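Student: Structure file protein.cif (mmCIF, C-alpha atoms) right here:
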data_structure
#
loop_
_atom_site.label_atom_id
_atom_site.label_comp_id
_atom_site.auth_asym_id
_atom_site.auth_seq_id
_atom_site.Cartn_x
_atom_site.Cartn_y
_atom_site.Cartn_z
CA MET G 1 73.45 104.23 -131.82
CA ASN G 2 70.10 105.81 -130.95
CA VAL G 3 69.91 109.35 -129.55
CA TYR G 4 69.37 108.08 -126.00
CA GLY G 5 72.33 105.72 -126.24
CA ALA G 6 74.51 108.59 -127.45
CA ARG G 7 73.52 110.65 -124.43
CA ARG G 8 74.29 107.76 -122.07
CA THR G 9 77.73 107.44 -123.67
CA ARG G 10 78.36 111.18 -123.26
CA LEU G 11 77.45 111.05 -119.59
CA MET G 12 79.64 108.01 -118.88
CA ALA G 13 82.57 109.76 -120.56
CA GLN G 14 82.34 112.48 -117.90
CA MET G 15 82.19 110.04 -114.98
CA GLN G 16 85.08 108.64 -112.99
CA ALA G 17 86.30 105.35 -114.44
CA GLY G 18 84.18 102.54 -113.05
CA GLY G 19 81.77 104.93 -111.40
CA VAL G 20 78.08 104.03 -111.13
CA ALA G 21 75.22 106.41 -111.92
CA VAL G 22 71.65 105.70 -110.80
CA ILE G 23 68.75 107.67 -112.31
CA PRO G 24 65.19 106.72 -111.33
CA THR G 25 62.04 107.86 -113.08
CA ALA G 26 59.24 109.67 -111.29
CA PRO G 27 56.82 107.76 -109.07
CA THR G 28 53.10 107.63 -109.72
CA ALA G 29 50.98 109.97 -107.58
CA THR G 30 47.55 109.23 -106.15
CA ARG G 31 44.89 111.78 -107.02
CA ASN G 32 42.12 110.36 -104.86
CA ASN G 33 41.20 106.91 -103.55
CA ASP G 34 42.37 104.45 -106.23
CA CYS G 35 42.85 107.01 -109.04
CA ASP G 36 46.27 108.36 -110.00
CA TYR G 37 47.21 111.65 -111.59
CA PRO G 38 48.11 111.27 -115.28
CA TYR G 39 51.61 109.84 -115.22
CA ARG G 40 54.56 111.91 -116.40
CA HIS G 41 58.07 110.42 -116.44
CA ASP G 42 61.10 112.10 -114.87
CA SER G 43 62.83 114.37 -117.40
CA TYR G 44 66.38 113.25 -116.59
CA PHE G 45 65.45 109.59 -116.80
CA TYR G 46 63.64 110.05 -120.12
CA TYR G 47 66.50 112.13 -121.54
CA LEU G 48 68.84 109.16 -121.11
CA SER G 49 66.48 106.24 -121.69
CA GLY G 50 63.50 107.17 -123.86
CA VAL G 51 61.34 105.05 -121.53
CA THR G 52 58.02 106.51 -120.34
CA GLU G 53 56.86 103.78 -117.94
CA PRO G 54 56.83 104.22 -114.15
CA ASP G 55 58.69 101.94 -111.74
CA SER G 56 61.90 102.15 -113.75
CA VAL G 57 65.54 102.90 -112.88
CA LEU G 58 68.50 103.46 -115.19
CA VAL G 59 72.00 102.42 -114.08
CA LEU G 60 75.20 103.37 -115.91
CA VAL G 61 78.60 101.86 -115.16
CA ALA G 62 81.36 103.97 -116.66
CA PRO G 63 84.20 102.22 -118.51
CA GLY G 64 87.17 101.42 -116.30
CA ALA G 65 89.79 98.86 -115.37
CA GLY G 66 87.03 96.34 -114.81
CA GLY G 67 85.90 96.46 -118.42
CA PRO G 68 83.75 98.45 -120.83
CA GLY G 69 80.87 100.62 -119.73
CA ARG G 70 77.45 99.08 -119.15
CA THR G 71 73.92 100.44 -119.43
CA ILE G 72 71.26 98.66 -117.39
CA LEU G 73 67.53 99.22 -117.09
CA PHE G 74 65.30 98.01 -114.30
CA CYS G 75 61.62 98.07 -115.26
CA ARG G 76 58.28 96.37 -114.70
CA ALA G 77 58.08 92.76 -115.82
CA ARG G 78 55.38 91.65 -118.24
CA ASN G 79 52.20 90.75 -116.34
CA VAL G 80 49.24 89.41 -118.28
CA GLU G 81 46.70 90.11 -115.53
CA ARG G 82 47.81 93.71 -114.92
CA GLU G 83 48.07 94.39 -118.64
CA ILE G 84 44.37 93.55 -119.00
CA TRP G 85 43.63 96.48 -116.69
CA ASP G 86 46.41 98.95 -117.42
CA GLY G 87 47.72 98.19 -120.90
CA CYS G 88 50.85 96.56 -122.23
CA ARG G 89 54.16 96.80 -120.41
CA LEU G 90 57.52 97.08 -122.10
CA GLY G 91 59.18 94.31 -120.10
CA PRO G 92 62.96 93.81 -119.66
CA ARG G 93 63.54 91.90 -122.90
CA ASP G 94 61.81 94.37 -125.20
CA ALA G 95 63.25 97.31 -123.27
CA ARG G 96 66.78 96.05 -123.86
CA THR G 97 66.33 95.51 -127.58
CA SER G 98 64.16 98.58 -128.29
CA PHE G 99 66.31 101.13 -126.43
CA GLY G 100 69.77 99.62 -126.74
CA PHE G 101 70.56 98.71 -123.12
CA ASP G 102 73.27 96.19 -122.38
CA ALA G 103 71.02 94.48 -119.84
CA ALA G 104 67.55 94.81 -118.36
CA TYR G 105 66.03 93.29 -115.21
CA PRO G 106 62.66 93.32 -113.45
CA ILE G 107 62.40 96.21 -111.02
CA GLU G 108 61.97 93.73 -108.16
CA GLU G 109 65.64 92.75 -108.57
CA LEU G 110 66.92 96.30 -108.13
CA ASP G 111 68.04 96.05 -104.49
CA VAL G 112 69.95 92.80 -105.01
CA GLU G 113 71.66 93.93 -108.21
CA MET G 114 72.58 97.39 -106.90
CA SER G 115 74.28 95.86 -103.89
CA LYS G 116 76.48 93.98 -106.38
CA LEU G 117 77.08 96.88 -108.76
CA LEU G 118 78.11 99.30 -105.99
CA ALA G 119 80.54 96.87 -104.35
CA ASN G 120 84.05 98.28 -104.91
CA ALA G 121 82.78 100.95 -107.31
CA PRO G 122 85.00 104.05 -106.90
CA ALA G 123 82.22 106.64 -107.17
CA LEU G 124 78.44 106.94 -107.02
CA TYR G 125 76.44 109.44 -109.08
CA TYR G 126 72.81 110.18 -108.22
CA ALA G 127 70.38 113.06 -107.71
CA MET G 128 71.29 113.98 -104.16
CA GLY G 129 68.37 115.16 -102.07
CA LYS G 130 65.88 115.18 -104.92
CA ARG G 131 63.60 112.57 -103.36
CA ALA G 132 63.82 111.36 -99.77
CA SER G 133 62.56 107.87 -100.57
CA PHE G 134 65.34 107.36 -103.12
CA ASP G 135 67.98 108.73 -100.73
CA ALA G 136 66.81 106.07 -98.27
CA GLN G 137 67.12 103.39 -100.96
CA ILE G 138 70.71 104.49 -101.70
CA LYS G 139 71.53 104.15 -97.98
CA LEU G 140 70.08 100.63 -97.99
CA TRP G 141 72.30 99.59 -100.88
CA LEU G 142 75.38 101.03 -99.21
CA ARG G 143 74.59 99.17 -95.98
CA ASN G 144 74.25 95.96 -97.96
CA VAL G 145 77.65 96.54 -99.57
CA ARG G 146 79.27 97.05 -96.17
CA ARG G 147 77.95 93.68 -95.06
CA GLN G 148 79.77 91.93 -97.90
CA THR G 149 83.14 90.47 -96.97
CA GLY G 150 85.95 92.31 -98.72
CA ALA G 151 83.66 94.82 -100.42
CA ALA G 152 84.02 98.59 -100.15
CA THR G 153 81.42 101.28 -100.73
CA PRO G 154 82.11 104.11 -103.22
CA ALA G 155 84.65 106.52 -101.76
CA ILE G 156 82.89 109.58 -103.16
CA ALA G 157 79.40 110.59 -104.27
CA TYR G 158 78.55 113.17 -106.92
CA ASP G 159 75.34 114.93 -107.81
CA VAL G 160 74.73 113.54 -111.29
CA LEU G 161 72.34 116.39 -112.08
CA THR G 162 75.23 118.87 -112.36
CA LEU G 163 76.47 116.89 -115.36
CA LEU G 164 73.04 116.30 -116.84
CA ASP G 165 71.94 119.93 -116.49
CA GLU G 166 74.81 121.06 -118.66
CA MET G 167 74.06 118.38 -121.24
CA ARG G 168 70.35 119.22 -121.37
CA LEU G 169 71.03 122.95 -121.77
CA PHE G 170 72.23 122.33 -125.33
CA LYS G 171 69.51 120.86 -127.53
CA ASP G 172 70.59 118.34 -130.14
CA ASP G 173 68.99 118.09 -133.59
CA ALA G 174 66.34 115.63 -132.42
CA GLU G 175 65.33 117.88 -129.54
CA GLN G 176 65.21 120.97 -131.71
CA GLY G 177 62.88 119.22 -134.14
CA ILE G 178 60.46 118.21 -131.40
CA MET G 179 60.53 121.66 -129.81
CA GLU G 180 59.81 123.36 -133.13
CA HIS G 181 56.87 121.02 -133.65
CA ALA G 182 55.56 121.67 -130.12
CA ALA G 183 55.84 125.44 -130.62
CA ALA G 184 54.01 125.18 -133.95
CA ILE G 185 51.13 123.26 -132.36
CA SER G 186 50.89 125.83 -129.58
CA GLY G 187 51.17 128.74 -131.98
CA HIS G 188 48.23 127.48 -134.01
CA ALA G 189 46.30 126.92 -130.77
CA HIS G 190 46.78 130.61 -129.92
CA ARG G 191 45.47 131.50 -133.37
CA ARG G 192 42.43 129.36 -132.68
CA VAL G 193 41.57 131.06 -129.39
CA MET G 194 41.83 134.49 -130.99
CA GLN G 195 39.41 133.40 -133.71
CA HIS G 196 36.94 131.86 -131.27
CA SER G 197 37.01 134.45 -128.46
CA ARG G 198 33.98 136.67 -127.98
CA PRO G 199 32.81 139.05 -125.22
CA GLY G 200 30.75 137.17 -122.65
CA MET G 201 32.78 133.94 -122.81
CA TYR G 202 34.19 132.45 -119.66
CA GLU G 203 37.95 132.18 -119.45
CA TYR G 204 37.63 128.40 -119.14
CA GLN G 205 35.75 128.27 -122.43
CA ILE G 206 38.74 129.91 -124.09
CA GLU G 207 41.04 127.48 -122.28
CA ALA G 208 38.97 124.61 -123.70
CA GLU G 209 39.79 125.78 -127.22
CA LEU G 210 43.50 125.57 -126.35
CA LEU G 211 43.23 122.07 -124.92
CA TYR G 212 41.26 120.91 -127.94
CA ALA G 213 43.89 122.27 -130.34
CA PHE G 214 46.77 120.73 -128.37
CA ARG G 215 45.32 117.25 -128.27
CA LYS G 216 43.89 117.30 -131.78
CA SER G 217 47.38 118.01 -133.14
CA GLY G 218 48.99 115.14 -131.24
CA ALA G 219 50.40 116.82 -128.13
CA GLN G 220 50.12 114.61 -125.08
CA SER G 221 49.19 117.35 -122.60
CA PRO G 222 49.58 121.01 -121.66
CA ALA G 223 53.16 121.72 -120.59
CA TYR G 224 51.82 123.63 -117.56
CA THR G 225 48.54 124.97 -116.19
CA SER G 226 47.24 127.40 -118.78
CA ILE G 227 46.71 131.04 -117.85
CA VAL G 228 43.65 132.64 -119.46
CA ALA G 229 43.31 136.02 -117.79
CA ALA G 230 40.76 138.62 -118.85
CA GLY G 231 40.83 142.26 -117.81
CA ALA G 232 42.31 142.89 -114.36
CA ASN G 233 43.14 139.18 -113.95
CA ALA G 234 45.99 139.69 -116.43
CA CYS G 235 47.78 141.71 -113.74
CA ILE G 236 48.09 138.52 -111.65
CA LEU G 237 51.23 136.88 -112.98
CA HIS G 238 50.33 133.28 -112.13
CA TYR G 239 46.56 133.51 -112.46
CA THR G 240 45.08 130.06 -113.14
CA ALA G 241 41.50 130.19 -111.85
CA ASN G 242 40.26 130.80 -115.42
CA ASN G 243 36.65 131.22 -114.25
CA ALA G 244 35.81 134.87 -114.95
CA ILE G 245 33.81 136.32 -117.83
CA ALA G 246 35.72 138.22 -120.52
CA LYS G 247 33.84 141.48 -120.91
CA ASN G 248 33.63 143.68 -123.98
CA GLY G 249 36.68 145.94 -123.97
CA ASP G 250 38.87 143.53 -122.00
CA LEU G 251 42.27 142.36 -123.08
CA ILE G 252 42.88 138.63 -122.58
CA LEU G 253 46.33 137.39 -121.65
CA VAL G 254 46.77 133.74 -122.66
CA ASP G 255 49.94 132.00 -121.44
CA ALA G 256 49.77 128.40 -122.65
CA GLY G 257 51.83 125.76 -124.38
CA CYS G 258 51.65 122.06 -125.09
CA GLU G 259 54.02 119.25 -124.23
CA LEU G 260 55.00 117.03 -127.15
CA ASP G 261 57.06 113.87 -126.71
CA GLY G 262 58.49 115.14 -123.44
CA TYR G 263 59.30 118.71 -124.58
CA ALA G 264 57.53 121.91 -123.57
CA SER G 265 56.43 124.96 -125.47
CA ASP G 266 55.61 128.22 -123.68
CA ILE G 267 53.83 131.03 -125.53
CA THR G 268 51.97 134.11 -124.33
CA ARG G 269 49.76 136.33 -126.41
CA THR G 270 47.55 139.23 -125.35
CA TYR G 271 44.62 140.33 -127.48
CA PRO G 272 41.29 142.22 -127.19
CA VAL G 273 38.32 139.92 -126.71
CA ASN G 274 36.27 142.04 -129.11
CA GLY G 275 39.07 142.04 -131.69
CA ARG G 276 39.90 145.75 -131.52
CA PHE G 277 42.56 147.42 -129.35
CA SER G 278 41.54 150.65 -127.66
CA ALA G 279 44.02 153.53 -127.94
CA PRO G 280 45.42 153.05 -124.37
CA GLN G 281 45.62 149.29 -124.84
CA ARG G 282 47.39 149.71 -128.14
CA ALA G 283 49.91 152.17 -126.69
CA LEU G 284 50.94 149.73 -123.96
CA TYR G 285 50.86 146.75 -126.31
CA GLU G 286 53.12 148.41 -128.85
CA LEU G 287 55.51 149.27 -126.02
CA VAL G 288 55.75 145.63 -124.92
CA LEU G 289 56.12 144.52 -128.53
CA ALA G 290 58.99 146.98 -129.02
CA ALA G 291 60.61 145.72 -125.83
CA GLN G 292 60.39 142.16 -127.09
CA ALA G 293 61.93 143.15 -130.43
CA ALA G 294 64.86 144.74 -128.59
CA ALA G 295 65.24 141.65 -126.41
CA LEU G 296 65.16 139.34 -129.42
CA ASP G 297 67.92 141.38 -131.06
CA ALA G 298 70.05 140.53 -128.02
CA VAL G 299 69.64 136.78 -128.55
CA GLN G 300 72.93 136.19 -130.35
CA PRO G 301 75.80 133.75 -129.80
CA GLY G 302 78.45 135.36 -127.64
CA LEU G 303 76.08 137.84 -126.01
CA CYS G 304 75.01 137.24 -122.42
CA PHE G 305 71.69 135.98 -121.10
CA GLN G 306 71.28 139.04 -118.86
CA GLY G 307 71.55 141.28 -121.90
CA VAL G 308 68.19 140.00 -123.15
CA HIS G 309 66.51 141.32 -120.01
CA ASP G 310 68.47 144.56 -120.00
CA ALA G 311 67.44 145.32 -123.58
CA ALA G 312 63.76 144.87 -122.72
CA VAL G 313 64.00 146.93 -119.54
CA LEU G 314 65.58 149.88 -121.36
CA VAL G 315 62.67 150.08 -123.83
CA LEU G 316 60.02 149.52 -121.16
CA ALA G 317 61.47 152.08 -118.77
CA GLN G 318 61.61 154.76 -121.44
CA GLY G 319 58.08 153.91 -122.52
CA MET G 320 56.78 154.17 -118.96
CA LEU G 321 58.12 157.72 -118.86
CA ASP G 322 56.77 158.63 -122.29
CA ILE G 323 53.28 157.22 -121.69
CA GLY G 324 52.98 158.67 -118.19
CA LEU G 325 53.08 155.54 -116.07
CA LEU G 326 56.07 157.11 -114.34
CA ASP G 327 56.21 160.86 -113.71
CA LYS G 328 59.29 162.36 -115.35
CA ASN G 329 59.60 165.06 -112.70
CA SER G 330 59.82 162.58 -109.83
CA ALA G 331 61.21 159.50 -111.58
CA GLY G 332 64.03 161.30 -113.39
CA SER G 333 65.76 159.99 -116.50
CA VAL G 334 65.49 156.49 -117.93
CA GLU G 335 68.88 155.74 -116.34
CA ASP G 336 67.43 156.78 -112.96
CA VAL G 337 64.36 154.57 -113.49
CA ILE G 338 66.58 151.57 -114.21
CA ALA G 339 69.04 152.30 -111.42
CA ASP G 340 66.41 152.61 -108.70
CA LYS G 341 64.24 149.88 -110.26
CA SER G 342 61.10 152.02 -110.19
CA TYR G 343 60.07 150.29 -113.42
CA ARG G 344 59.41 147.18 -111.34
CA LYS G 345 56.11 148.66 -110.23
CA PHE G 346 54.84 147.71 -113.69
CA TYR G 347 57.36 145.07 -114.80
CA MET G 348 58.44 142.80 -111.98
CA HIS G 349 59.70 139.59 -113.60
CA GLY G 350 62.57 138.48 -115.79
CA THR G 351 62.47 138.48 -119.57
CA GLY G 352 62.95 134.77 -120.11
CA HIS G 353 64.14 131.38 -118.98
CA TRP G 354 65.64 128.23 -120.44
CA LEU G 355 63.15 125.98 -122.22
CA GLY G 356 63.27 122.28 -122.95
CA MET G 357 61.95 119.11 -121.34
CA ASP G 358 60.84 121.27 -118.43
CA VAL G 359 59.05 124.57 -119.01
CA HIS G 360 61.57 126.30 -116.76
CA ASP G 361 64.38 124.10 -117.97
CA VAL G 362 67.63 123.20 -116.27
CA GLY G 363 70.97 124.96 -116.71
CA GLN G 364 72.99 127.68 -115.02
CA TYR G 365 72.30 131.32 -115.88
CA ARG G 366 75.77 132.43 -114.83
CA GLU G 367 79.22 131.26 -115.84
CA THR G 368 79.42 129.50 -112.48
CA ALA G 369 76.79 128.93 -109.82
CA ALA G 370 78.26 131.47 -107.39
CA ALA G 371 76.30 134.70 -106.98
CA GLY G 372 77.84 137.73 -108.62
CA ASN G 373 79.52 135.83 -111.43
CA PRO G 374 79.03 137.09 -114.98
CA SER G 375 75.88 136.22 -116.86
CA ARG G 376 76.27 133.21 -119.08
CA GLN G 377 77.01 133.68 -122.76
CA LEU G 378 74.41 132.42 -125.19
CA GLN G 379 75.55 129.61 -127.48
CA PRO G 380 73.99 127.71 -130.40
CA GLY G 381 71.66 124.97 -129.24
CA MET G 382 70.35 126.84 -126.22
CA ALA G 383 66.59 127.43 -126.14
CA LEU G 384 64.88 130.14 -124.14
CA THR G 385 61.73 132.19 -123.87
CA VAL G 386 61.65 135.95 -124.45
CA GLU G 387 58.69 137.41 -122.56
CA PRO G 388 58.56 141.08 -121.55
CA GLY G 389 55.33 142.42 -120.10
CA ILE G 390 53.62 145.31 -118.39
CA TYR G 391 51.00 145.15 -115.63
CA VAL G 392 49.10 148.25 -114.54
CA ARG G 393 47.04 148.06 -111.38
CA PRO G 394 44.96 151.00 -110.14
CA ALA G 395 47.28 153.36 -108.27
CA GLU G 396 47.62 157.02 -107.43
CA GLY G 397 49.41 158.92 -110.16
CA VAL G 398 48.67 156.31 -112.82
CA PRO G 399 46.29 157.43 -115.60
CA PRO G 400 42.95 155.66 -115.02
CA THR G 401 42.70 154.84 -118.75
CA LEU G 402 45.62 152.42 -118.21
CA TRP G 403 44.27 150.71 -115.10
CA ASN G 404 43.77 146.93 -115.08
CA ILE G 405 45.72 146.35 -118.27
CA GLY G 406 48.08 143.38 -118.22
CA ILE G 407 50.15 142.51 -121.31
CA ARG G 408 52.79 139.87 -121.92
CA ILE G 409 54.22 138.70 -125.25
CA GLU G 410 56.28 135.51 -125.11
CA ASP G 411 58.02 133.48 -127.79
CA ASP G 412 60.11 130.31 -127.82
CA VAL G 413 63.55 131.02 -129.27
CA LEU G 414 66.46 128.83 -130.35
CA VAL G 415 69.98 130.26 -130.41
CA THR G 416 71.54 129.49 -133.80
CA PRO G 417 75.10 129.98 -135.14
CA GLY G 418 73.94 133.08 -137.01
CA GLY G 419 71.65 134.55 -134.37
CA HIS G 420 68.33 133.08 -133.34
CA LYS G 421 65.20 131.36 -134.62
CA ILE G 422 61.71 132.09 -133.31
CA MET G 423 59.99 128.72 -133.05
CA SER G 424 56.57 130.09 -132.06
CA GLY G 425 55.97 132.39 -135.02
CA ALA G 426 52.63 130.75 -135.87
CA ALA G 427 51.01 132.75 -133.07
CA PRO G 428 50.13 136.28 -134.30
CA LYS G 429 51.45 139.21 -132.32
CA ALA G 430 51.38 142.34 -134.52
CA VAL G 431 48.36 144.56 -133.82
CA ALA G 432 47.20 144.57 -137.44
CA GLU G 433 47.63 140.81 -137.74
CA ILE G 434 45.59 140.13 -134.59
CA GLU G 435 42.80 142.49 -135.59
CA GLN G 436 42.66 141.09 -139.11
CA LEU G 437 42.51 137.53 -137.77
CA MET G 438 39.67 138.38 -135.40
CA HIS G 439 37.81 140.56 -137.95
CA PRO G 440 38.62 139.08 -141.37
CA THR G 441 35.94 141.16 -143.15
#
Take the structure in this file and express it as structure tokens.
Tutor:
Amino acid sequence: MNVYGARRTRLMAQMQAGGVAVIPTAPTATRNNDCDYPYRHDSYFYYLSGVTEPDSVLVLVAPGAGGPGRTILFCRARNVEREIWDGCRLGPRDARTSFGFDAAYPIEELDVEMSKLLANAPALYYAMGKRASFDAQIKLWLRNVRRQTGAATPAIAYDVLTLLDEMRLFKDDAEQGIMEHAAAISGHAHRRVMQHSRPGMYEYQIEAELLYAFRKSGAQSPAYTSIVAAGANACILHYTANNAIAKNGDLILVDAGCELDGYASDITRTYPVNGRFSAPQRALYELVLAAQAAALDAVQPGLCFQGVHDAAVLVLAQGMLDIGLLDKNSAGSVEDVIADKSYRKFYMHGTGHWLGMDVHDVGQYRETAAAGNPSRQLQPGMALTVEPGIYVRPAEGVPPTLWNIGIRIEDDVLVTPGGHKIMSGAAPKAVAEIEQLMHPT
């Protein structure tokens, strides 16, 4: 059984006997006039099917009294004329044999077939409220069932994403291999931008080096809009304009990762455009690096997700006091700084997130979804980012030598039975390593 078939079987095993799950892929989106945005499949659909074409829907019928489980794909039919313009289509026959479905039909037959499949099914599983147009299609099928003599609609509906989120949180061997490859491509791309950066370059010129490295190594696209932020721009957390000039003496914060075969990487490095850290820059950089090391030490099976953030905050808060970002006389002890959250003036985001098919991947961060419940324990197979930072805007009481410095260091990390594995190690982050790379002689 292929990896996608195994996932379909796992999902059906969690469904009510005879229940029907419906998972559509993403629609195409018009960019302007008759041009579409580059197509990207729905992550849930791809996770279960392996199919990347639009206009496709996956249907699963869980085993029950009516017989064994069934996996059905609805997809675009072969069309010689359209294939001249748009390229080859998979077609139902090849889709069934290539991806191991029990049956496959043209997408045009979806409404008719779903009205049959839902008749007398005990339960319906779909992504409730995710897309209004699909909610409307579900209602149409249910109306059609009600019109059938002697047929009943499903008595209960479930949000299928609650089951799939938990499955996707734990990466199988195939997923881990792809994610390690994606992180390696992105890590080498970060090396490239360090080697090619010079004072006077535009941020978008540095971004171009990233995009070149991603595509040249086989990645299909960036996993998200790249951040290339020079100088004060690095203090804007989601800066994406990438149109300023990197001046001599600036630090450049580069937050960028590729997507490979449906899986994201997410790496941030901060480095001096001229290849040499100033003393103030180095002091803050070493602080963030120490915070990341403490956070990485907390990535262990059995420890909680929140502990990764807490470990970073403890180091950062103490460093803010030691360096003079926070006044010891007014801020108090490091415990006071953490308790009253005064550190958030310079560090205002979390220390990581789940990583996988989506950059901010699915999965609960607490043992249950209810607020106030304990932070979730880390377990082997989980993948996350670890990304502490510090962002110093001009402000009264802050040493001017530290103004307009923004630093973030982010790695992609896999939880392993014995601890963790850093997947993005190809991207340099030690001060000496960065300076040596940028000034090899």
Student: Please identify all polymer residues within 12 Å of G:Val313, counting only C-alpha atoms, omitting same-chain residues fewer than 2 positions from it, and present them as a ChimeraX atom specification.
Tutor: /G:287-288,290-295,306-311,315-320,334-335,337-339,341-344,346-351,387-390
Student: Care to translate the PyMOL selection byres ((chain G and resi 7-19) around 7) into actual residues of this file, as a count of residues only?
Tutor: 15
Student: Choose the residue, out of G:Leu117, G:Met179, G:Ala29, G:Ala244, that has the smallest atom-to-atom separation from G:Tyr204; count only C-alpha atoms.
Tutor: G:Ala244
Student: As an exercise, work out the distance from atom CA of G:Asn274 to atom CA of G:Met201 in Å and give it to one decimal place.
Tutor: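 Going from atom CA of G:Asn274 over to atom CA of G:Met201 covers 10.8 Å.
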Student: So that I can see what lies close to stretch 207-215 of chain G, please list as a PyMOL selection string the residues with an atom at most 12 Å from it, counting all atoms listed in the file and leaving out residues fewer than 2 positions away in the same chain.
Tutor: chain G and resi 181-197+201-205+217-230+240-244+252-260+264-265+267
Student: Return the single residue from G:Ala95, G:Leu118, G:Leu60, G:Met438 that is closest to G:Val273, with distances computed using all atoms listed in the file.
Tutor: G:Met438
Student: Go through G:Pro38, G:Gly302, G:Gly275, G:Pro27 and flag the residue nearest G:Leu437, using all atoms listed in the file for the distances.
Tutor: G:Gly275
Student: With all atoms listed in the file as the basis for distance, which of G:Gln300, G:Gln176, G:Thr401, G:Ser333 is at the shortest distance from G:Pro280?
Tutor: G:Thr401
Student: When the PyMOL selection byres ((chain G and resi 47) around 9) is applied to the structure above, which residues does it catch, written out as a list of chain:residue names?
Tutor: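 Applied to this file, the PyMOL selection byres ((chain G and resi 47) around 9) selects G:Tyr4, G:Arg7, G:Arg8, G:Asp42, G:Ser43, G:Tyr44, G:Phe45, G:Tyr46, G:Leu48, G:Ser49, G:Gly50, G:Val51, G:Arg168, G:Gly262, G:Met357.
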Student: If I take atom CA of G:Gln148 and atom CA of G:Lys116, how far is one from the other in Å, to one decimal?
Tutor: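 These atoms are spaced 9.3 Å apart.
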Student: Find the residues around G:Asn120 up to 12 Å (all atoms listed in the file counted), leave out those fewer than 5 positions away in its own chain, and share them as a PDB file with C-alpha atoms, in the coordinates of the input.
Tutor:
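Contents of out17.pdb, freshly written:
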ATOM      1  CA  GLY G  18      84.180 102.540-113.050  1.00  0.00           C
ATOM      2  CA  GLY G  19      81.770 104.930-111.400  1.00  0.00           C
ATOM      3  CA  VAL G  20      78.080 104.030-111.130  1.00  0.00           C
ATOM      4  CA  ALA G  65      89.790  98.860-115.370  1.00  0.00           C
ATOM      5  CA  GLY G  66      87.030  96.340-114.810  1.00  0.00           C
ATOM      6  CA  MET G 114      72.580  97.390-106.900  1.00  0.00           C
ATOM      7  CA  SER G 115      74.280  95.860-103.890  1.00  0.00           C
ATOM      8  CA  LEU G 142      75.380 101.030 -99.210  1.00  0.00           C
ATOM      9  CA  VAL G 145      77.650  96.540 -99.570  1.00  0.00           C
ATOM     10  CA  ARG G 146      79.270  97.050 -96.170  1.00  0.00           C
ATOM     11  CA  GLN G 148      79.770  91.930 -97.900  1.00  0.00           C
ATOM     12  CA  THR G 149      83.140  90.470 -96.970  1.00  0.00           C
ATOM     13  CA  GLY G 150      85.950  92.310 -98.720  1.00  0.00           C
ATOM     14  CA  ALA G 151      83.660  94.820-100.420  1.00  0.00           C
ATOM     15  CA  ALA G 152      84.020  98.590-100.150  1.00  0.00           C
ATOM     16  CA  THR G 153      81.420 101.280-100.730  1.00  0.00           C
ATOM     17  CA  PRO G 154      82.110 104.110-103.220  1.00  0.00           C
ATOM     18  CA  ALA G 155      84.650 106.520-101.760  1.00  0.00           C
ATOM     19  CA  ILE G 156      82.890 109.580-103.160  1.00  0.00           C
TER      20      ILE G 156
END
Student: Could you state the separation of atom CA of G:Leu164 and atom CA of G:Asp55 in Å, given to one decimal place?
Tutor: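 About the pair atom CA of G:Leu164 and atom CA of G:Asp55: they are 20.9 Å apart.
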Student: Could you give me the axis-aligned bounding box of stretch 55-66 of chain G, with 4 Å of padding per side, as centre plus edge lengths in Å to one decimal, as AutoDock Vina command-line options?
Tutor:
--center_x 74.2 --center_y 100.2 --center_z -115.1 --size_x 39.1 --size_y 15.6 --size_z 14.8
Student: Using only C-alpha atoms, find each residue of stretch 268-368 of chain G with at least one atom at most 9 Å away from an atom of stretch 406-426 of chain G; report its shortest atom-to-atom pair and that distance in Å (one decimal), sort the rows by chain and rising residue number, and return the result as a tab-separated table.
Tutor:
residue	atom	partner	partner_atom	distance
G:Thr268	CA	G:Glu410	CA	4.6
G:Arg269	CA	G:Ile409	CA	5.2
G:Thr270	CA	G:Ile407	CA	5.8
G:Tyr271	CA	G:Ile407	CA	8.6
G:Gln281	CA	G:Ile407	CA	8.9
G:Leu284	CA	G:Ile407	CA	7.7
G:Tyr285	CA	G:Ile407	CA	6.6
G:Val288	CA	G:Ile409	CA	7.1
G:Leu289	CA	G:Ile409	CA	6.9
G:Gln292	CA	G:Ile409	CA	7.3
G:Leu296	CA	G:His420	CA	8.0
G:Asp297	CA	G:Gly419	CA	8.5
G:Ala298	CA	G:Gly419	CA	8.9
G:Val299	CA	G:His420	CA	6.2
G:Gln300	CA	G:Gly419	CA	4.5
G:Pro301	CA	G:Gly419	CA	6.2
G:Thr351	CA	G:Glu410	CA	8.8
G:Gly352	CA	G:Glu410	CA	8.4
G:Leu355	CA	G:Asp412	CA	7.7
Student: List the residues matched by the PyMOL selection byres ((chain G and resi 237) around 9) in the displayed structure as a PyMOL selection string, ordered by chain and then by residue number.
Tutor: chain G and resi 227+233-236+238-239+349+391+406
Student: Using all atoms listed in the file for the distances, tell me which of G:Ile72, G:Ala312, G:Met128, G:Ile84 is nearest to G:Ala103.
Tutor: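 Nearest to G:Ala103: G:Ile72.
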Student: So which residues touch G:Leu169 within 12 Å, counting all atoms listed in the file, skipping near sequence neighbours fewer than 6 positions away, as a list of chain:residue names?
Tutor: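 So the residues in contact are G:Tyr44, G:Tyr47, G:Leu161, G:Thr162, G:Leu163, G:Glu175, G:Gln176, G:His353, G:Trp354, G:Leu355, G:Gly356, G:Met357, G:Asp358, G:His360, G:Asp361, G:Val362, G:Gly363, G:Gln364, G:Tyr365, G:Arg376, G:Leu378, G:Gln379, G:Pro380, G:Gly381, G:Met382, G:Ala383, G:Leu384, G:Leu414, G:Val415.
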